[in-house]
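K.L.:
Structure supplied as final-v3.cif; contents: mmCIF, C-alpha atoms.
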data_coords
#
loop_
_atom_site.group_PDB
_atom_site.id
_atom_site.type_symbol
_atom_site.label_atom_id
_atom_site.label_comp_id
_atom_site.auth_asym_id
_atom_site.auth_seq_id
_atom_site.Cartn_x
_atom_site.Cartn_y
_atom_site.Cartn_z
ATOM 1 C CA MET A 1 5.075 5.471 2.430
ATOM 2 C CA LEU A 2 8.258 7.415 1.747
ATOM 3 C CA ALA A 3 8.360 6.215 -1.842
ATOM 4 C CA LEU A 4 4.683 7.113 -2.361
ATOM 5 C CA ALA A 5 5.371 10.623 -1.070
ATOM 6 C CA ALA A 6 8.165 11.131 -3.609
ATOM 7 C CA ASP A 7 7.668 12.830 -6.951
ATOM 8 C CA GLU A 8 9.912 10.195 -8.483
ATOM 9 C CA ILE A 9 11.006 6.758 -7.211
ATOM 10 C CA VAL A 10 14.536 5.934 -8.327
ATOM 11 C CA MET A 11 15.136 2.201 -8.011
ATOM 12 C CA ASP A 12 18.129 0.048 -8.750
ATOM 13 C CA GLU A 13 17.190 -2.944 -10.882
ATOM 14 C CA ASN A 14 17.489 -5.148 -7.762
ATOM 15 C CA ALA A 15 15.537 -2.864 -5.427
ATOM 16 C CA VAL A 16 12.006 -3.632 -4.310
ATOM 17 C CA LEU A 17 9.155 -1.775 -2.675
ATOM 18 C CA GLY A 18 6.592 -3.260 -0.311
ATOM 19 C CA PRO A 19 2.877 -2.882 0.298
ATOM 20 C CA VAL A 20 1.573 -0.519 2.977
ATOM 21 C CA ASP A 21 -1.255 -2.709 4.243
ATOM 22 C CA PRO A 22 -1.881 -2.223 7.983
ATOM 23 C CA GLN A 23 -0.702 -4.893 10.406
ATOM 24 C CA LEU A 24 -2.236 -5.370 13.855
ATOM 25 C CA GLY A 25 0.288 -7.152 15.995
ATOM 26 C CA ASN A 26 1.308 -10.231 14.040
ATOM 27 C CA PHE A 27 -1.728 -10.203 11.756
ATOM 28 C CA PRO A 28 -2.620 -8.370 8.548
ATOM 29 C CA ALA A 29 -5.723 -6.228 9.020
ATOM 30 C CA ALA A 30 -7.188 -7.668 5.814
ATOM 31 C CA SER A 31 -6.870 -11.219 7.167
ATOM 32 C CA ILE A 32 -8.643 -10.275 10.383
ATOM 33 C CA LEU A 33 -11.525 -8.879 8.319
ATOM 34 C CA LYS A 34 -11.601 -12.093 6.284
ATOM 35 C CA VAL A 35 -12.704 -13.936 9.443
ATOM 36 C CA LEU A 36 -15.935 -11.893 9.375
ATOM 37 C CA GLU A 37 -16.605 -13.119 5.835
ATOM 38 C CA ASP A 38 -15.785 -16.749 6.534
ATOM 39 C CA LYS A 39 -17.499 -17.401 9.874
ATOM 40 C CA PRO A 40 -20.960 -16.706 11.274
ATOM 41 C CA ILE A 41 -20.880 -13.782 13.730
ATOM 42 C CA GLY A 42 -21.938 -16.076 16.584
ATOM 43 C CA GLU A 43 -18.778 -18.145 16.126
ATOM 44 C CA ILE A 44 -16.383 -15.197 16.322
ATOM 45 C CA ASP A 45 -14.960 -14.253 19.728
ATOM 46 C CA ASP A 46 -15.200 -10.692 21.048
ATOM 47 C CA GLN A 47 -11.474 -10.026 20.726
ATOM 48 C CA THR A 48 -11.546 -10.897 17.024
ATOM 49 C CA LEU A 49 -14.576 -8.654 16.513
ATOM 50 C CA ILE A 50 -12.748 -5.788 18.205
ATOM 51 C CA MET A 51 -9.651 -6.450 16.081
ATOM 52 C CA ALA A 52 -11.850 -6.472 12.972
ATOM 53 C CA ASP A 53 -13.273 -3.075 13.914
ATOM 54 C CA ILE A 54 -9.762 -1.702 14.391
ATOM 55 C CA SER A 55 -8.664 -3.367 11.126
ATOM 56 C CA ARG A 56 -11.446 -1.691 9.145
ATOM 57 C CA LYS A 57 -10.465 1.684 10.602
ATOM 58 C CA ALA A 58 -6.747 1.090 9.979
ATOM 59 C CA ILE A 59 -7.263 0.146 6.336
ATOM 60 C CA GLY A 60 -9.479 3.201 5.781
ATOM 61 C CA GLN A 61 -6.919 5.497 7.415
ATOM 62 C CA VAL A 62 -4.038 4.120 5.352
ATOM 63 C CA GLN A 63 -6.089 4.336 2.154
ATOM 64 C CA ARG A 64 -6.964 7.988 2.827
ATOM 65 C CA PHE A 65 -3.325 8.816 3.555
ATOM 66 C CA VAL A 66 -2.033 7.016 0.438
ATOM 67 C CA ARG A 67 -4.650 8.868 -1.642
ATOM 68 C CA THR A 68 -3.393 12.174 -0.193
ATOM 69 C CA LEU A 69 0.185 11.263 -1.114
ATOM 70 C CA LEU A 70 -0.695 10.191 -4.646
ATOM 71 C CA GLU A 71 -3.015 13.116 -5.377
ATOM 72 C CA ASP A 72 -0.361 15.641 -4.346
ATOM 73 C CA ASN A 73 0.440 17.594 -7.491
ATOM 74 C CA VAL A 74 3.200 19.898 -6.303
ATOM 75 C CA PRO A 75 5.325 20.566 -8.291
ATOM 76 C CA GLY A 76 3.254 18.476 -10.733
ATOM 77 C CA PRO A 77 1.135 15.331 -10.871
ATOM 78 C CA LYS A 78 3.149 12.243 -9.957
ATOM 79 C CA ILE A 79 0.634 9.628 -11.087
ATOM 80 C CA ALA A 80 -2.291 9.593 -13.494
ATOM 81 C CA LEU A 81 -5.568 10.132 -11.644
ATOM 82 C CA ASP A 82 -7.094 7.019 -13.214
ATOM 83 C CA LYS A 83 -4.297 4.878 -11.675
ATOM 84 C CA ILE A 84 -4.709 6.039 -8.065
ATOM 85 C CA ASP A 85 -7.528 3.684 -7.074
ATOM 86 C CA GLY A 86 -5.615 0.701 -8.489
ATOM 87 C CA VAL A 87 -2.474 1.599 -6.559
ATOM 88 C CA ILE A 88 -4.475 2.006 -3.352
ATOM 89 C CA GLU A 89 -6.176 -1.361 -3.922
ATOM 90 C CA ALA A 90 -2.907 -3.134 -4.712
ATOM 91 C CA LEU A 91 -0.895 -1.738 -1.813
ATOM 92 C CA THR A 92 -3.359 -1.436 1.085
ATOM 93 C CA THR A 93 -5.898 -4.254 0.988
ATOM 94 C CA GLY A 94 -3.834 -7.357 1.675
ATOM 95 C CA ARG A 95 -4.155 -8.604 -1.890
ATOM 96 C CA ILE A 96 -0.493 -9.557 -1.519
ATOM 97 C CA THR A 97 1.319 -10.403 1.710
ATOM 98 C CA HIS A 98 3.052 -7.651 3.630
ATOM 99 C CA ASP A 99 6.480 -9.060 2.764
ATOM 100 C CA CYS A 100 5.813 -9.395 -0.969
ATOM 101 C CA PRO A 101 8.508 -7.590 -2.977
ATOM 102 C CA ILE A 102 7.281 -5.140 -5.605
ATOM 103 C CA THR A 103 9.828 -4.913 -8.404
ATOM 104 C CA ILE A 104 10.489 -1.944 -10.640
ATOM 105 C CA GLU A 105 8.430 -3.633 -13.374
ATOM 106 C CA GLU A 106 5.457 -4.069 -11.056
ATOM 107 C CA ALA A 107 5.775 -0.504 -9.750
ATOM 108 C CA LEU A 108 5.720 0.795 -13.316
ATOM 109 C CA SER A 109 2.743 -1.394 -14.232
ATOM 110 C CA LEU A 110 0.834 0.082 -11.293
ATOM 111 C CA GLY A 111 1.570 3.544 -12.674
ATOM 112 C CA LEU A 112 3.972 4.628 -9.940
ATOM 113 C CA PRO A 113 6.505 7.295 -10.943
ATOM 114 C CA ALA A 114 9.445 4.869 -10.841
ATOM 115 C CA ILE A 115 12.693 5.054 -12.769
ATOM 116 C CA ALA A 116 15.023 2.083 -13.162
ATOM 117 C CA GLY A 117 18.703 2.503 -12.452
ATOM 118 C CA CYS A 118 20.457 4.567 -9.821
ATOM 119 C CA PRO A 119 22.637 7.360 -11.109
ATOM 120 C CA ARG A 120 26.227 7.177 -9.885
ATOM 121 C CA GLN A 121 26.071 10.690 -8.554
ATOM 122 C CA PHE A 122 23.179 12.955 -7.662
ATOM 123 C CA THR A 123 23.520 16.670 -8.278
ATOM 124 C CA ILE A 124 22.143 19.134 -5.787
#
For this file, produce the structure as structure tokens.
P.N.:
Amino acid sequence: MLALAADEIVMDENAVLGPVDPQLGNFPAASILKVLEDKPIGEIDDQTLIMADISRKAIGQVQRFVRTLLEDNVPGPKIALDKIDGVIEALTTGRITHDCPITIEEALSLGLPAIAGCPRQFTI
């Protein structure tokens, strides 16, 4: 989330980012919702149904927040508007596991404002 809030993401060649998909306890929210797709409703216990409801809300909340971060254009646009939906999809929906490393190349291909290589000294 911090990186998505930045105007520019400076990454060493060995650095990685991670997805921001919601986790409920030990489970990815997207995987809890997958149970609703894979099983008839009558075969799903009440606790799983409640977790699925919370999962749907959590994913929606994270997606709205990520959109707010990416659409921020002060001092200027950080990402092309046509890339925002793809970034949200890639980082919030459980398409990849929560521990999947996102390299500088992948960040750039998503359209994130990433720059490879850390400067030796930042000026203030």
K.L.:
Let me make sure I understand: among A:Ile54, A:Ile41, A:Leu4, A:Ala30, which one has the smallest atom-to-atom distance to Arg95 in chain A if we use only C-alpha atoms?
P.N.:
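Closest residue, counting only C-alpha atoms: A:Ala30.
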K.L.:
Any idea what's packed within 12 Å of Ala80 in chain A, counting all atoms listed in the file, ignoring anything in its chain fewer than 4 positions away? Could you give it as a short mmCIF file (atom, residue, chain, number, x, y, z; two decimals) with C-alpha atoms, in the coordinates of the input?
P.N.:
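Writing done, so here's part-v5.cif:
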data_model
loop_
_atom_site.label_atom_id
_atom_site.label_comp_id
_atom_site.auth_asym_id
_atom_site.auth_seq_id
_atom_site.Cartn_x
_atom_site.Cartn_y
_atom_site.Cartn_z
CA LEU A 70 -0.70 10.19 -4.65
CA GLU A 71 -3.02 13.12 -5.38
CA ASP A 72 -0.36 15.64 -4.35
CA ASN A 73 0.44 17.59 -7.49
CA GLY A 76 3.25 18.48 -10.73
CA ILE A 84 -4.71 6.04 -8.06
CA ASP A 85 -7.53 3.68 -7.07
CA GLY A 86 -5.62 0.70 -8.49
CA VAL A 87 -2.47 1.60 -6.56
CA LEU A 108 5.72 0.80 -13.32
CA LEU A 110 0.83 0.08 -11.29
CA GLY A 111 1.57 3.54 -12.67
CA LEU A 112 3.97 4.63 -9.94
CA PRO A 113 6.50 7.30 -10.94
#
K.L.:
Excluding Thr93 in chain A and residues on its chain fewer than 4 positions from it, collect all residues at most 8 Å away from it, counting only C-alpha atoms, and give them as a PyMOL selection string.
P.N.:
chain A and resi 21+30+59+88-89
K.L.:
To one decimal place in Å, what is the distance between CA of Val10 in chain A and CA of Val62 in chain A?
P.N.:
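Result for CA of Val10 in chain A versus CA of Val62 in chain A: 23.1 Å, one decimal.
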K.L.:
The PyMOL selection byres ((chain A and resi 61) around 12) - which residues does that actually catch in the file I just gave you? List them as a ChimeraX atom specification.
P.N.:
/A:20-22,29,54-60,62-68,88,92-93
K.L.:
Could you state the separation of CA of Met51 in chain A and CA of Ile32 in chain A in Å, given to one decimal place?
P.N.:
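Value for the CA of Met51 in chain A-CA of Ile32 in chain A distance: 6.9 Å.
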K.L.:
Which is closest to Lys34 in chain A among A:Thr48, A:Thr103, A:Lys83, A:Val16, if we use all atoms listed in the file?
P.N.:
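Closest candidate: A:Thr48.
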K.L.:
Kindly provide, as lines of an AutoDock Vina configuration file, the centre and edge lengths (Å, one decimal) of an axis-aligned box around all atoms of range 76-80 of chain A given in the file, with 3 Å on each side.
P.N.:
center_x = 0.5
center_y = 14.0
center_z = -11.7
size_x = 11.5
size_y = 14.9
size_z = 9.5
K.L.:
Applying the PyMOL selection byres ((chain A and resi 115) around 10) to the file I just gave you, which residues come out? Please list them as number ranges by chain.
P.N.:
A: 8-13, 104-105, 107-108, 112-114, 116-118
K.L.:
For the file shown, report as a PDB file with C-alpha atoms, in the frame of the given file the outcome of the PyMOL selection byres ((chain A and resi 17) around 6) at residue level.
P.N.:
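Done, and the output landed in selection09.pdb:
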ATOM      1  CA  VAL A  16      12.006  -3.632  -4.310  1.00  0.00           C
ATOM      2  CA  GLY A  18       6.592  -3.260  -0.311  1.00  0.00           C
ATOM      3  CA  PRO A 101       8.508  -7.590  -2.977  1.00  0.00           C
ATOM      4  CA  ILE A 102       7.281  -5.140  -5.605  1.00  0.00           C
TER       5      ILE A 102
END
K.L.:
Pick from A:Asp45, A:Ala90, A:Asp7, A:Pro40: nearest to Ser109 in chain A, with all atoms listed in the file counted?
P.N.:
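Ranked by minimum distance to Ser109 in chain A, first place goes to A:Ala90.
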K.L.:
Between CA of Ala5 in chain A and CA of Lys78 in chain A, what is the distance in Å, rounded to a tenth?
P.N.:
9.3 Å
K.L.:
Taking all atoms listed in the file into account, which of A:Ala52, A:Leu69, A:Val74, A:Cys100 comes nearest Leu2 in chain A?
P.N.:
A:Leu69
